[in-house]
$ cat structure04.csv   # CSV, C-alpha atoms and all ligand atoms
chain,number,residue,atom,x,y,z
A,465,MET,CA,101.5,-1.5,-84.6
A,466,PHE,CA,104.6,-0.7,-86.7
A,467,GLU,CA,106.5,-3.9,-86.1
A,468,GLU,CA,105.7,-5.8,-89.2
A,469,LEU,CA,106.3,-2.9,-91.6
A,470,LEU,CA,109.7,-2.1,-90.0
A,471,ARG,CA,110.8,-5.8,-89.9
A,472,GLU,CA,110.3,-6.1,-93.6
A,473,TRP,CA,111.8,-2.8,-94.6
A,474,ASP,CA,115.4,-2.7,-95.8
A,475,GLY,CA,116.0,1.0,-95.0
A,476,GLU,CA,118.4,2.6,-92.5
A,477,LEU,CA,116.2,4.5,-90.0
A,478,VAL,CA,112.8,5.8,-89.1
A,479,ALA,CA,112.3,8.7,-86.7
A,480,VAL,CA,108.9,8.7,-85.1
A,481,ARG,CA,107.3,11.5,-83.1
A,482,TYR,CA,103.8,11.9,-82.0
A,483,ASP,CA,103.0,15.6,-82.0
A,484,ALA,CA,100.3,16.0,-79.3
A,485,PRO,CA,99.3,19.6,-80.0
A,486,ALA,CA,98.4,18.8,-83.6
A,487,ARG,CA,97.5,15.2,-83.0
A,488,THR,CA,99.9,14.3,-85.8
A,489,TRP,CA,102.3,11.4,-86.4
A,490,MET,CA,105.6,12.7,-87.7
A,491,LEU,CA,107.4,9.8,-89.5
A,492,VAL,CA,110.8,10.5,-91.1
A,493,CYS,CA,111.9,7.5,-93.2
A,494,VAL,CA,115.6,7.4,-94.3
A,495,HIS,CA,116.0,4.5,-96.7
A,496,SER,CA,119.6,5.0,-97.7
A,497,THR,CA,122.5,7.4,-97.1
A,498,VAL,CA,125.0,5.4,-99.3
A,499,LEU,CA,125.2,8.1,-102.0
A,500,GLY,CA,124.5,11.1,-99.7
A,501,PRO,CA,121.9,12.3,-97.2
A,502,GLY,CA,118.5,10.7,-97.5
A,503,ALA,CA,116.5,13.3,-99.5
A,504,GLY,CA,112.8,13.4,-100.4
A,505,GLY,CA,109.7,15.5,-99.7
A,506,THR,CA,107.5,15.8,-96.7
A,507,ARG,CA,104.0,14.6,-97.5
A,508,MET,CA,101.1,15.8,-95.3
A,509,ASN,CA,98.0,13.7,-95.5
A,510,VAL,CA,95.0,12.3,-93.7
A,511,TYR,CA,95.5,8.5,-93.4
A,512,ALA,CA,93.0,6.0,-92.0
A,513,THR,CA,95.7,4.7,-89.6
A,514,PRO,CA,99.3,5.6,-88.6
A,515,HIS,CA,100.2,2.2,-90.0
A,516,ASP,CA,99.0,3.3,-93.5
A,517,ALA,CA,101.0,6.5,-93.1
A,518,LEU,CA,104.2,4.6,-92.2
A,519,ARG,CA,103.6,2.1,-95.1
A,520,ASP,CA,103.4,5.1,-97.5
A,521,GLY,CA,106.5,6.8,-96.1
A,522,LEU,CA,108.6,3.6,-96.2
A,523,ARG,CA,107.7,2.9,-99.8
A,524,LEU,CA,108.2,6.4,-100.9
A,525,ALA,CA,111.6,6.6,-99.2
A,526,SER,CA,112.8,3.4,-100.9
A,527,ALA,CA,111.7,4.9,-104.3
A,528,MET,CA,113.7,8.1,-103.5
A,529,THR,CA,116.8,6.0,-103.1
A,530,SER,CA,116.2,4.6,-106.6
A,531,LYS,CA,115.2,8.0,-108.0
A,532,ASN,CA,118.3,9.8,-106.7
A,533,ALA,CA,120.7,7.0,-107.7
A,534,ALA,CA,119.2,6.7,-111.2
A,535,ALA,CA,119.4,10.5,-111.7
A,536,GLY,CA,123.1,10.4,-110.8
A,537,LEU,CA,122.7,12.7,-107.8
A,538,PRO,CA,124.9,12.7,-104.7
A,539,LEU,CA,121.8,12.0,-102.5
A,540,GLY,CA,120.4,9.0,-100.8
A,541,GLY,CA,116.7,8.3,-100.3
A,542,GLY,CA,114.3,9.5,-97.7
A,543,LYS,CA,110.7,10.7,-97.3
A,544,ALA,CA,108.7,12.1,-94.4
A,545,VAL,CA,105.0,11.8,-93.7
A,546,LEU,CA,102.9,14.0,-91.5
A,547,ALA,CA,99.8,12.0,-90.7
A,548,VAL,CA,97.4,14.8,-89.7
A,549,PRO,CA,93.7,14.5,-88.5
A,550,SER,CA,92.8,17.3,-91.1
A,551,ILE,CA,95.0,19.6,-93.2
A,552,PRO,CA,95.9,22.5,-90.9
A,553,THR,CA,95.9,26.1,-91.9
A,554,GLY,CA,97.0,29.5,-90.5
A,555,GLN,CA,98.9,29.6,-87.2
A,556,ALA,CA,98.3,25.9,-86.3
A,557,ARG,CA,99.9,24.9,-89.6
A,558,ARG,CA,102.9,27.2,-89.0
A,559,GLU,CA,103.4,25.9,-85.5
A,560,LEU,CA,103.2,22.3,-86.7
A,561,PHE,CA,106.0,23.0,-89.3
A,562,LEU,CA,108.2,24.7,-86.7
A,563,ARG,CA,108.0,21.6,-84.4
A,564,TYR,CA,108.6,19.4,-87.4
A,565,GLY,CA,111.6,21.5,-88.3
A,566,ASP,CA,113.0,20.8,-84.9
A,567,LEU,CA,112.6,17.1,-85.5
A,568,VAL,CA,114.4,17.2,-88.9
A,569,GLU,CA,117.2,19.4,-87.4
A,570,SER,CA,117.7,16.8,-84.7
A,571,LEU,CA,118.7,14.3,-87.4
A,572,HIS,CA,121.8,16.5,-88.2
A,573,GLY,CA,121.5,16.5,-92.0
A,574,THR,CA,120.8,12.7,-92.3
A,575,TYR,CA,117.5,13.7,-94.0
A,576,TRP,CA,116.9,16.6,-96.4
A,577,THR,CA,113.3,17.6,-96.9
A,578,ALA,CA,111.4,19.3,-99.7
A,579,CYS,CA,107.7,19.8,-100.8
A,580,ASP,CA,105.4,16.9,-101.5
A,581,MET,CA,101.7,16.3,-101.5
A,582,ASN,CA,100.0,19.1,-99.5
A,583,THR,CA,103.2,20.9,-98.6
A,584,THR,CA,104.4,24.1,-100.3
A,585,PRO,CA,107.5,26.3,-100.6
A,586,ARG,CA,106.0,28.6,-97.9
A,587,ASP,CA,105.9,25.6,-95.6
A,588,MET,CA,109.6,24.9,-96.4
A,589,ASP,CA,110.3,28.5,-95.4
A,590,VAL,CA,108.8,27.8,-92.0
A,591,ILE,CA,110.7,24.6,-91.6
A,592,GLY,CA,113.8,26.4,-92.7
A,593,GLY,CA,113.4,28.7,-89.7
A,594,ARG,CA,114.4,25.8,-87.5
A,595,CYS,CA,116.4,23.5,-89.6
A,596,ARG,CA,119.2,23.7,-92.3
A,597,SER,CA,118.4,20.6,-94.4
A,598,VAL,CA,115.5,22.0,-96.5
A,599,PHE,CA,115.2,22.2,-100.3
A,600,GLY,CA,112.6,24.1,-102.2
A,601,LYS,CA,112.1,27.2,-100.0
A,602,THR,CA,110.6,30.3,-101.8
A,603,ALA,CA,112.9,32.5,-103.8
A,604,GLU,CA,112.5,35.3,-101.2
A,605,ALA,CA,113.8,32.9,-98.5
A,606,GLY,CA,116.7,31.9,-100.7
A,607,GLY,CA,115.3,28.7,-102.2
A,608,SER,CA,114.5,27.7,-105.8
A,609,GLY,CA,110.7,27.4,-105.2
A,610,SER,CA,108.4,24.9,-106.9
A,611,SER,CA,110.1,22.2,-108.9
A,612,ALA,CA,107.0,21.0,-110.6
A,613,PHE,CA,108.0,22.6,-113.9
A,614,SER,CA,111.2,20.7,-114.0
A,615,THR,CA,109.3,17.5,-113.2
A,616,ALA,CA,107.0,18.2,-116.2
A,617,ASP,CA,110.1,18.9,-118.3
A,618,GLY,CA,111.7,15.6,-117.4
A,619,VAL,CA,108.5,13.7,-118.1
A,620,PHE,CA,108.3,15.4,-121.5
A,621,HIS,CA,111.9,14.3,-122.4
A,622,GLY,CA,111.1,10.9,-121.1
A,623,ILE,CA,108.0,10.6,-123.3
A,624,CYS,CA,110.2,11.6,-126.3
A,625,ALA,CA,112.7,8.9,-125.5
A,626,ALA,CA,109.9,6.3,-125.1
A,627,VAL,CA,108.2,7.4,-128.3
A,628,ALA,CA,111.6,7.2,-130.1
A,629,HIS,CA,112.2,3.7,-128.8
A,630,ALA,CA,108.7,2.4,-129.5
A,631,PHE,CA,108.0,4.1,-132.8
A,632,GLY,CA,111.4,4.7,-134.3
A,633,SER,CA,111.1,8.5,-134.2
A,634,PRO,CA,111.0,11.0,-131.2
A,635,SER,CA,108.4,13.2,-133.0
A,636,LEU,CA,105.3,13.8,-131.0
A,637,GLU,CA,103.4,15.3,-133.9
A,638,GLY,CA,100.0,13.6,-134.0
A,639,ARG,CA,100.9,11.2,-131.1
A,640,SER,CA,98.0,10.8,-128.7
A,641,VAL,CA,98.9,11.3,-125.0
A,642,LEU,CA,96.4,10.7,-122.2
A,643,ILE,CA,97.4,12.8,-119.1
A,644,GLN,CA,95.7,11.5,-115.9
A,645,GLY,CA,95.8,14.5,-113.5
A,646,VAL,CA,96.2,18.0,-114.9
A,647,GLY,CA,97.8,19.5,-111.8
A,648,ALA,CA,101.1,21.2,-111.0
A,649,VAL,CA,103.0,18.7,-113.2
A,650,GLY,CA,100.2,17.5,-115.6
A,651,ARG,CA,99.2,20.9,-116.8
A,652,PRO,CA,102.7,22.2,-117.9
A,653,LEU,CA,103.3,18.8,-119.4
A,654,ALA,CA,100.1,19.2,-121.5
A,655,GLU,CA,101.3,22.6,-122.6
A,656,HIS,CA,104.7,21.2,-123.7
A,657,LEU,CA,103.0,18.4,-125.6
A,658,ALA,CA,100.5,20.7,-127.3
A,659,ARG,CA,103.4,22.8,-128.6
A,660,GLU,CA,104.8,19.7,-130.2
A,661,GLY,CA,101.6,18.8,-131.9
A,662,SER,CA,100.5,15.9,-129.7
A,663,ARG,CA,96.8,15.0,-129.6
A,664,LEU,CA,95.9,15.6,-125.9
A,665,ILE,CA,93.4,13.5,-124.0
A,666,LEU,CA,92.9,14.8,-120.5
A,667,THR,CA,91.3,13.5,-117.4
A,668,ASP,CA,91.0,14.8,-113.8
A,669,VAL,CA,88.7,14.2,-110.9
A,670,ASP,CA,88.4,18.0,-110.9
A,671,GLU,CA,86.3,18.1,-114.1
A,672,VAL,CA,86.5,21.9,-114.4
A,673,ARG,CA,90.3,21.7,-114.4
A,674,ALA,CA,90.4,19.1,-117.2
A,675,LYS,CA,87.8,21.0,-119.3
A,676,GLU,CA,89.6,24.3,-118.9
A,677,ALA,CA,93.0,22.8,-119.9
A,678,ALA,CA,91.4,21.0,-122.9
A,679,SER,CA,89.7,24.1,-124.2
A,680,GLU,CA,92.8,26.3,-123.7
A,681,LEU,CA,95.3,23.8,-125.2
A,682,GLY,CA,93.1,21.8,-127.6
A,683,GLY,CA,92.2,18.3,-126.7
A,684,GLU,CA,89.4,16.1,-125.5
A,685,VAL,CA,88.4,15.2,-121.9
A,686,VAL,CA,87.6,11.7,-120.7
A,687,ALA,CA,86.0,10.7,-117.4
A,688,PRO,CA,88.5,9.6,-114.8
A,689,GLU,CA,87.0,6.1,-114.6
A,690,GLU,CA,87.4,5.7,-118.4
A,691,ALA,CA,91.0,6.8,-118.5
A,692,VAL,CA,92.8,3.5,-118.1
A,693,ALA,CA,90.9,1.8,-121.0
A,694,THR,CA,91.0,4.8,-123.4
A,695,ALA,CA,93.1,4.1,-126.6
A,696,CYS,CA,96.2,6.3,-126.9
A,697,ASP,CA,99.8,6.1,-127.8
A,698,VAL,CA,101.1,7.2,-124.4
A,699,PHE,CA,99.3,6.9,-121.0
A,700,SER,CA,100.8,9.4,-118.6
A,701,PRO,CA,99.8,8.9,-114.9
A,702,CYS,CA,100.3,12.3,-113.2
A,703,ALA,CA,97.9,12.0,-110.3
A,704,THR,CA,98.1,9.2,-107.8
A,705,GLY,CA,100.2,6.1,-107.2
A,706,GLY,CA,99.1,2.5,-107.7
A,707,VAL,CA,97.5,3.1,-111.1
A,708,LEU,CA,99.2,0.1,-112.7
A,709,SER,CA,97.9,-3.2,-111.2
A,710,ALA,CA,96.8,-6.7,-112.0
A,711,GLU,CA,93.3,-5.3,-112.4
A,712,THR,CA,94.1,-2.3,-114.7
A,713,ILE,CA,97.1,-3.5,-116.8
A,714,PRO,CA,94.9,-6.0,-118.9
A,715,ARG,CA,92.6,-3.0,-119.7
A,716,LEU,CA,95.3,-0.6,-120.9
A,717,ARG,CA,95.1,0.3,-124.6
A,718,CYS,CA,98.4,2.2,-125.0
A,719,ARG,CA,101.8,1.4,-126.3
A,720,ILE,CA,103.7,3.4,-123.6
A,721,VAL,CA,103.2,4.4,-120.0
A,722,ALA,CA,105.3,7.4,-118.9
A,723,GLY,CA,104.1,9.8,-116.2
A,724,ALA,CA,105.0,11.8,-113.1
A,725,ALA,CA,103.1,9.9,-110.4
A,726,ASN,CA,105.2,8.2,-107.7
A,727,ASN,CA,104.9,4.4,-107.1
A,728,GLN,CA,102.7,3.8,-110.2
A,729,LEU,CA,103.1,0.0,-109.8
A,730,ALA,CA,100.7,-1.4,-107.2
A,731,GLU,CA,103.3,-4.3,-106.8
A,732,PRO,CA,106.8,-4.5,-108.2
A,733,ARG,CA,105.8,-7.6,-110.2
A,734,ASP,CA,103.4,-5.4,-112.2
A,735,ALA,CA,106.4,-4.3,-114.3
A,736,GLU,CA,106.5,-7.9,-115.6
A,737,LEU,CA,102.8,-7.8,-116.5
A,738,LEU,CA,103.4,-4.6,-118.6
A,739,HIS,CA,106.4,-6.3,-120.2
A,740,GLU,CA,104.3,-9.4,-121.1
A,741,ARG,CA,101.6,-7.1,-122.7
A,742,GLY,CA,104.3,-5.4,-124.8
A,743,ILE,CA,103.7,-2.0,-123.2
A,744,LEU,CA,106.8,0.1,-122.8
A,745,TYR,CA,106.9,1.3,-119.2
A,746,ALA,CA,109.1,4.2,-118.3
A,747,PRO,CA,109.9,3.4,-114.7
A,748,ASP,CA,108.4,6.2,-112.6
A,749,TYR,CA,111.4,6.9,-110.5
A,750,VAL,CA,113.5,7.5,-113.6
A,751,VAL,CA,111.1,9.6,-115.6
A,752,ASN,CA,109.8,11.8,-112.7
A,753,ALA,CA,113.2,12.8,-111.3
A,754,GLY,CA,113.1,16.3,-112.7
A,755,GLY,CA,111.9,17.9,-109.4
A,756,ILE,CA,114.7,16.5,-107.2
A,757,ILE,CA,117.2,17.2,-110.0
A,758,HIS,CA,116.0,20.9,-110.0
A,759,LEU,CA,116.5,21.1,-106.2
A,760,ALA,CA,119.8,19.3,-106.0
A,761,SER,CA,121.3,21.1,-109.0
A,762,LEU,CA,120.3,24.6,-108.1
A,763,GLU,CA,120.5,24.4,-104.3
A,764,LEU,CA,123.0,21.7,-103.4
A,765,LEU,CA,125.4,21.7,-106.3
A,766,GLY,CA,125.1,25.5,-107.0
A,767,GLU,CA,124.6,25.0,-110.7
A,768,ASP,CA,122.9,27.4,-113.0
A,769,GLU,CA,119.6,27.0,-115.0
A,770,ALA,CA,121.4,25.7,-118.1
A,771,ALA,CA,123.3,23.0,-116.1
A,772,LYS,CA,120.0,22.0,-114.4
A,773,ASP,CA,118.2,21.8,-117.7
A,774,ALA,CA,120.9,19.6,-119.1
A,775,ARG,CA,120.5,17.2,-116.1
A,776,VAL,CA,116.8,17.1,-116.6
A,777,ARG,CA,117.2,16.4,-120.4
A,778,ALA,CA,119.6,13.5,-119.5
A,779,ILE,CA,116.6,11.7,-118.0
A,780,ALA,CA,115.9,10.7,-121.7
A,781,ASP,CA,119.4,9.2,-121.9
A,782,THR,CA,119.0,7.1,-118.7
A,783,LEU,CA,115.6,5.9,-120.0
A,784,THR,CA,117.0,5.0,-123.4
A,785,ARG,CA,119.7,2.9,-121.6
A,786,VAL,CA,116.9,1.3,-119.5
A,787,PHE,CA,115.0,0.4,-122.7
A,788,GLU,CA,118.1,-1.0,-124.4
A,789,ILE,CA,119.0,-3.2,-121.5
A,790,ALA,CA,115.5,-4.5,-121.2
A,791,ALA,CA,115.2,-5.2,-125.0
A,792,SER,CA,118.6,-6.9,-125.3
A,793,GLU,CA,118.1,-9.1,-122.3
A,794,GLY,CA,114.4,-9.7,-122.6
A,795,ILE,CA,113.7,-8.3,-119.1
A,796,SER,CA,111.1,-5.7,-118.0
A,797,THR,CA,112.1,-2.1,-117.9
A,798,GLY,CA,111.4,-2.1,-114.2
A,799,ALA,CA,114.1,-4.8,-113.7
A,800,ALA,CA,116.5,-3.0,-116.0
A,801,ALA,CA,116.2,0.3,-114.1
A,802,ASP,CA,116.5,-1.5,-110.7
A,803,ARG,CA,119.8,-3.0,-112.0
A,804,ILE,CA,121.2,0.4,-112.9
A,805,VAL,CA,120.3,1.6,-109.3
A,806,ARG,CA,122.0,-1.5,-107.7
A,807,GLU,CA,125.1,-0.8,-109.8
A,808,ARG,CA,125.2,2.9,-108.7
A,809,LEU,CA,124.7,2.0,-105.0
A,810,ALA,CA,127.4,-0.7,-105.2
A,811,ALA,CA,129.8,1.7,-106.7
A,812,GLY,CA,129.0,4.2,-103.9
A,813,ARG,CA,129.6,1.8,-101.1
I,1,LIG,N1,105.3,18.1,-108.1
I,1,LIG,C1,106.5,17.5,-108.4
I,1,LIG,O1,107.5,18.1,-108.7
I,1,LIG,C2,106.5,16.0,-108.4
I,1,LIG,C3,107.7,15.3,-108.5
I,1,LIG,C4,107.7,13.9,-108.6
I,1,LIG,C5,106.5,13.2,-108.6
I,1,LIG,N2,105.4,13.9,-108.5
I,1,LIG,C6,104.1,13.1,-108.4
I,1,LIG,O2,103.3,13.4,-109.6
I,1,LIG,C7,102.0,13.4,-109.3
I,1,LIG,C8,101.3,14.7,-109.6
I,1,LIG,O3,102.0,15.7,-108.8
I,1,LIG,P1,101.4,17.2,-108.8
I,1,LIG,O4,102.4,18.0,-108.1
I,1,LIG,O5,101.0,17.6,-110.2
I,1,LIG,O6,100.1,17.1,-107.9
I,1,LIG,P2,98.8,18.0,-108.0
I,1,LIG,O7,98.1,17.7,-106.7
I,1,LIG,O8,99.1,19.4,-108.3
I,1,LIG,O9,98.0,17.4,-109.2
I,1,LIG,C9,97.3,16.2,-109.2
I,1,LIG,C10,96.1,16.3,-110.1
I,1,LIG,O10,95.5,15.0,-110.2
I,1,LIG,C11,94.1,15.1,-110.0
I,1,LIG,N3,93.7,13.7,-109.6
I,1,LIG,C12,93.8,13.2,-108.3
I,1,LIG,N4,93.3,11.9,-108.4
I,1,LIG,C13,92.9,11.7,-109.7
I,1,LIG,C14,92.4,10.5,-110.3
I,1,LIG,N5,92.1,9.4,-109.7
I,1,LIG,N6,92.1,10.6,-111.7
I,1,LIG,C15,92.4,11.8,-112.3
I,1,LIG,N7,92.9,12.9,-111.7
I,1,LIG,C16,93.2,12.8,-110.4
I,1,LIG,C17,93.9,16.2,-109.0
I,1,LIG,O11,92.6,16.7,-109.1
I,1,LIG,C18,95.0,17.2,-109.5
I,1,LIG,O12,94.5,18.0,-110.5
I,1,LIG,C19,101.9,13.0,-107.8
I,1,LIG,O13,101.8,11.6,-107.7
I,1,LIG,C20,103.2,13.4,-107.2
I,1,LIG,O14,103.6,12.6,-106.1
I,1,LIG,C21,105.3,15.2,-108.4

$ encode --input "structure04.csv" --output "structure tokens" --more "lines below"
Ligand SMILES: NC(=O)c1ccc[n+]([C@@H]2O[C@H](COP(=O)([O-])OP(=O)(O)OC[C@H]3O[C@@H](n4cnc5c(N)ncnc54)[C@H](O)[C@@H]3O)[C@@H](O)[C@H]2O)c1
Amino acid sequence: MFEELLREWDGELVAVRYDAPARTWMLVCVHSTVLGPGAGGTRMNVYATPHDALRDGLRLASAMTSKNAAAGLPLGGGKAVLAVPSIPTGQARRELFLRYGDLVESLHGTYWTACDMNTTPRDMDVIGGRCRSVFGKTAEAGGSGSSAFSTADGVFHGICAAVAHAFGSPSLEGRSVLIQGVGAVGRPLAEHLAREGSRLILTDVDEVRAKEAASELGGEVVAPEEAVATACDVFSPCATGGVLSAETIPRLRCRIVAGAANNQLAEPRDAELLHERGILYAPDYVVNAGGIIHLASLELLGEDEAAKDARVRAIADTLTRVFEIAASEGISTGAAADRIVRERLAAGR
């Protein structure tokens, strides 16, 4: 059932294990180790089929290669998916992560894991009981905890760079920013933007969450189904992937797209559609690298907070370079970012 996906993938390896006690497919996808061990989070999710889970893992692992290369980190790209029948809790969850830790350890450091959707620093502590290649454990267990604040910081600096490029000034005063998803990243991003005087427009499928944030920070709430077509200066996808597609791009009423969500483009060619519409797209893997920068800087490179913050701020410089290449050569920002990645990988070979 996996043949076609694996035949078309250009990555290095996939480790597959069916965990019978938890009826869970464990899929560790290592896309590239050219610049270092394949690093990326472990996503736990309920998928319709194992095929869907593998497709998600392969695509996310490829994006991690691009993200880590664009961020200038000594890391390759990887991602793991635990395709569970339902999200486990308590002892069953702990035992699943111990067995998963054994699988990751058996790869001898080829893959480094971290948190992702539905996995937490506490889960990383459990995995770390069996395996050495784990980022993002809790501070008590010797890790640097959640990296969502750094992701939000990076998106904030990326939005500043995009606003500077599009409007000639990095000031966010009065700029309207629509944040889709006010979760672990979207909420601190909203706080940052509010401090800079942006006009917030918030949406979340959890209506209470959106309303609370809007009343605490100031701002308006729009219904999730209205978000794409709401007029704003910056549309910031911070919820799910696949938001930018042939169906949604013609409806966008923004000048900039810059957000945290992974794999925002439904298809790579959607970067060209954004370009044709004159919408400045901050490639997702460039602008949302703050989380992995946090983990690599503090835990792998042994840097301090100030050095980590400087690396996160440098996301703005990388993006500015992407925008300049795209503008001078008349290509999409997606194509410009992909070229920077190809150059870094070629230099690392
Ligand atoms: N946490 C990180 O450090 C990090 C790093 C890189 C990328 N990302 C990506 O950024 C995105 C957000 O991550 P997070 O950690 O904030 O997740 P989260 O689960 O904490 O928050 C996501 C929020 O989006 C809402 N949401 C889900 N579907 C929605 C929809 N269709 N419309 C509006 N709201 C919706 C959820 O209710 C939730 O409030 C994800 O795509 C994640 O993969 C996160």

$ residues_near_ligand --input "structure04.csv" --ligand "ligand LIG 1 (chain I)" --cutoff "6 Å" --atoms "all atoms listed in the file" --output "list in words"
Ser611, Ala612, Thr615, Gln644, Gly645, Val646, Gly647, Ala648, Val649, Gly650, Thr667, Asp668, Val669, Asp670, Pro688, Cys702, Ala703, Thr704, Gly705, Ala724, Ala725, Asn726, Asn752 and Gly755 of chain A

$ closest_residue --input "structure04.csv" --among "A:Leu765, A:Val598, A:Ile756, A:Ala535" --to "A:Tyr564" --atoms "all atoms listed in the file"
A:Val598

$ residues_around --input "structure04.csv" --residues "A:Thr513" --least-positions-apart "2" --cutoff "12 Å" --atoms "all atoms listed in the file" --output "PDB file with C-alpha atoms, keeping the file's coordinate frame"
ATOM      1  CA  MET A 465     101.500  -1.500 -84.600  1.00  0.00           C
ATOM      2  CA  PHE A 466     104.600  -0.700 -86.700  1.00  0.00           C
ATOM      3  CA  THR A 488      99.900  14.300 -85.800  1.00  0.00           C
ATOM      4  CA  TRP A 489     102.300  11.400 -86.400  1.00  0.00           C
ATOM      5  CA  ASN A 509      98.000  13.700 -95.500  1.00  0.00           C
ATOM      6  CA  VAL A 510      95.000  12.300 -93.700  1.00  0.00           C
ATOM      7  CA  TYR A 511      95.500   8.500 -93.400  1.00  0.00           C
ATOM      8  CA  HIS A 515     100.200   2.200 -90.000  1.00  0.00           C
ATOM      9  CA  ASP A 516      99.000   3.300 -93.500  1.00  0.00           C
ATOM     10  CA  ALA A 517     101.000   6.500 -93.100  1.00  0.00           C
ATOM     11  CA  LEU A 518     104.200   4.600 -92.200  1.00  0.00           C
ATOM     12  CA  ARG A 519     103.600   2.100 -95.100  1.00  0.00           C
ATOM     13  CA  ASP A 520     103.400   5.100 -97.500  1.00  0.00           C
ATOM     14  CA  LEU A 546     102.900  14.000 -91.500  1.00  0.00           C
ATOM     15  CA  ALA A 547      99.800  12.000 -90.700  1.00  0.00           C
ATOM     16  CA  VAL A 548      97.400  14.800 -89.700  1.00  0.00           C
ATOM     17  CA  PRO A 549      93.700  14.500 -88.500  1.00  0.00           C
TER      18      PRO A 549
END

$ atom_distance --input "structure04.csv" --atom1 "atom CA of A:Asp483" --atom2 "atom CA of A:Leu560"
8.2 Å

$ atom_distance --input "structure04.csv" --atom1 "atom CA of A:Leu571" --atom2 "atom CA of A:Ala479"
8.5 Å

$ residues_around --input "structure04.csv" --residues "A:Val545" --least-positions-apart "5" --cutoff "6 Å" --atoms "all atoms listed in the file" --output "list in words"
Leu491, Thr506, Arg507, Met508 and Gly521 of chain A

$ closest_residue --input "structure04.csv" --among "A:Ala691, A:Thr782, A:Gly638, A:Gly798" --to "A:Arg733" --atoms "all atoms listed in the file"
A:Gly798

$ closest_residue --input "structure04.csv" --among "A:Cys624, A:Val641, A:Ala486, A:Val707" --to "A:Val685" --atoms "all atoms listed in the file"
A:Val641

$ atom_distance --input "structure04.csv" --atom1 "atom CA of A:Gly754" --atom2 "atom CA of A:Asp474"
25.5 Å

$ residues_around --input "structure04.csv" --residues "A:Arg719" --least-positions-apart "3" --cutoff "10 Å" --atoms "all atoms listed in the file" --output "list in words"
Ala626, Val627, Ala630, Phe631, Ala695, Cys696, Asp697, Val698, Phe699, Leu716, Leu738, Arg741, Gly742, Ile743, Leu744 and Tyr745 of chain A

$ closest_residue --input "structure04.csv" --among "A:Arg651, A:Lys531, A:Arg586, A:His739" --to "A:Asp802" --atoms "only C-alpha atoms"
A:Lys531

$ residues_near_point --input "structure04.csv" --point "(112.0, -3.0, -92.8)" --cutoff "12 Å" --atoms "only C-alpha atoms" --output "count of residues only"
23

$ closest_atom_pairs --input "structure04.csv" --of "stretch 597-716 of chain A" --to "stretch 496-504 of chain A" --cutoff "12 Å" --atoms "only C-alpha atoms" --output "CSV"
residue,atom,partner,partner_atom,distance
A:Ser597,CA,A:Ala503,CA,9.1
A:Val598,CA,A:Ala503,CA,9.3
A:Phe599,CA,A:Ala503,CA,9.0
A:Gly600,CA,A:Gly504,CA,10.9

$ build_atoms --input "structure04.csv" --residues "stretch 536-547 of chain A" --atoms "N, CA and C atoms" --output "PDB file, keeping the file's coordinate frame"
ATOM      1  N   GLY A 536     121.713  10.063-110.906  1.00  0.00           N
ATOM      2  CA  GLY A 536     123.100  10.400-110.800  1.00  0.00           C
ATOM      3  C   GLY A 536     123.392  11.504-109.774  1.00  0.00           C
ATOM      4  N   LEU A 537     122.517  11.646-108.782  1.00  0.00           N
ATOM      5  CA  LEU A 537     122.700  12.700-107.800  1.00  0.00           C
ATOM      6  C   LEU A 537     123.439  12.218-106.561  1.00  0.00           C
ATOM      7  N   PRO A 538     124.167  13.119-105.891  1.00  0.00           N
ATOM      8  CA  PRO A 538     124.900  12.700-104.700  1.00  0.00           C
ATOM      9  C   PRO A 538     123.943  12.721-103.464  1.00  0.00           C
ATOM     10  N   LEU A 539     122.854  12.000-103.591  1.00  0.00           N
ATOM     11  CA  LEU A 539     121.800  12.000-102.500  1.00  0.00           C
ATOM     12  C   LEU A 539     121.343  10.561-102.322  1.00  0.00           C
ATOM     13  N   GLY A 540     121.054  10.248-101.080  1.00  0.00           N
ATOM     14  CA  GLY A 540     120.400   9.000-100.800  1.00  0.00           C
ATOM     15  C   GLY A 540     118.881   9.203-100.832  1.00  0.00           C
ATOM     16  N   GLY A 541     118.143   8.259-100.238  1.00  0.00           N
ATOM     17  CA  GLY A 541     116.700   8.300-100.300  1.00  0.00           C
ATOM     18  C   GLY A 541     116.012   8.465 -98.992  1.00  0.00           C
ATOM     19  N   GLY A 542     115.056   9.372 -98.918  1.00  0.00           N
ATOM     20  CA  GLY A 542     114.300   9.500 -97.700  1.00  0.00           C
ATOM     21  C   GLY A 542     112.915  10.135 -98.035  1.00  0.00           C
ATOM     22  N   LYS A 543     112.025  10.091 -97.103  1.00  0.00           N
ATOM     23  CA  LYS A 543     110.700  10.700 -97.300  1.00  0.00           C
ATOM     24  C   LYS A 543     110.112  10.855 -95.892  1.00  0.00           C
ATOM     25  N   ALA A 544     109.328  11.885 -95.702  1.00  0.00           N
ATOM     26  CA  ALA A 544     108.700  12.100 -94.400  1.00  0.00           C
ATOM     27  C   ALA A 544     107.169  12.192 -94.624  1.00  0.00           C
ATOM     28  N   VAL A 545     106.438  11.708 -93.640  1.00  0.00           N
ATOM     29  CA  VAL A 545     105.000  11.800 -93.700  1.00  0.00           C
ATOM     30  C   VAL A 545     104.489  12.455 -92.421  1.00  0.00           C
ATOM     31  N   LEU A 546     103.627  13.431 -92.599  1.00  0.00           N
ATOM     32  CA  LEU A 546     102.900  14.000 -91.500  1.00  0.00           C
ATOM     33  C   LEU A 546     101.481  13.537 -91.557  1.00  0.00           C
ATOM     34  N   ALA A 547     101.127  12.617 -90.672  1.00  0.00           N
ATOM     35  CA  ALA A 547      99.800  12.000 -90.700  1.00  0.00           C
ATOM     36  C   ALA A 547      98.885  12.897 -89.807  1.00  0.00           C
TER      37      ALA A 547
END
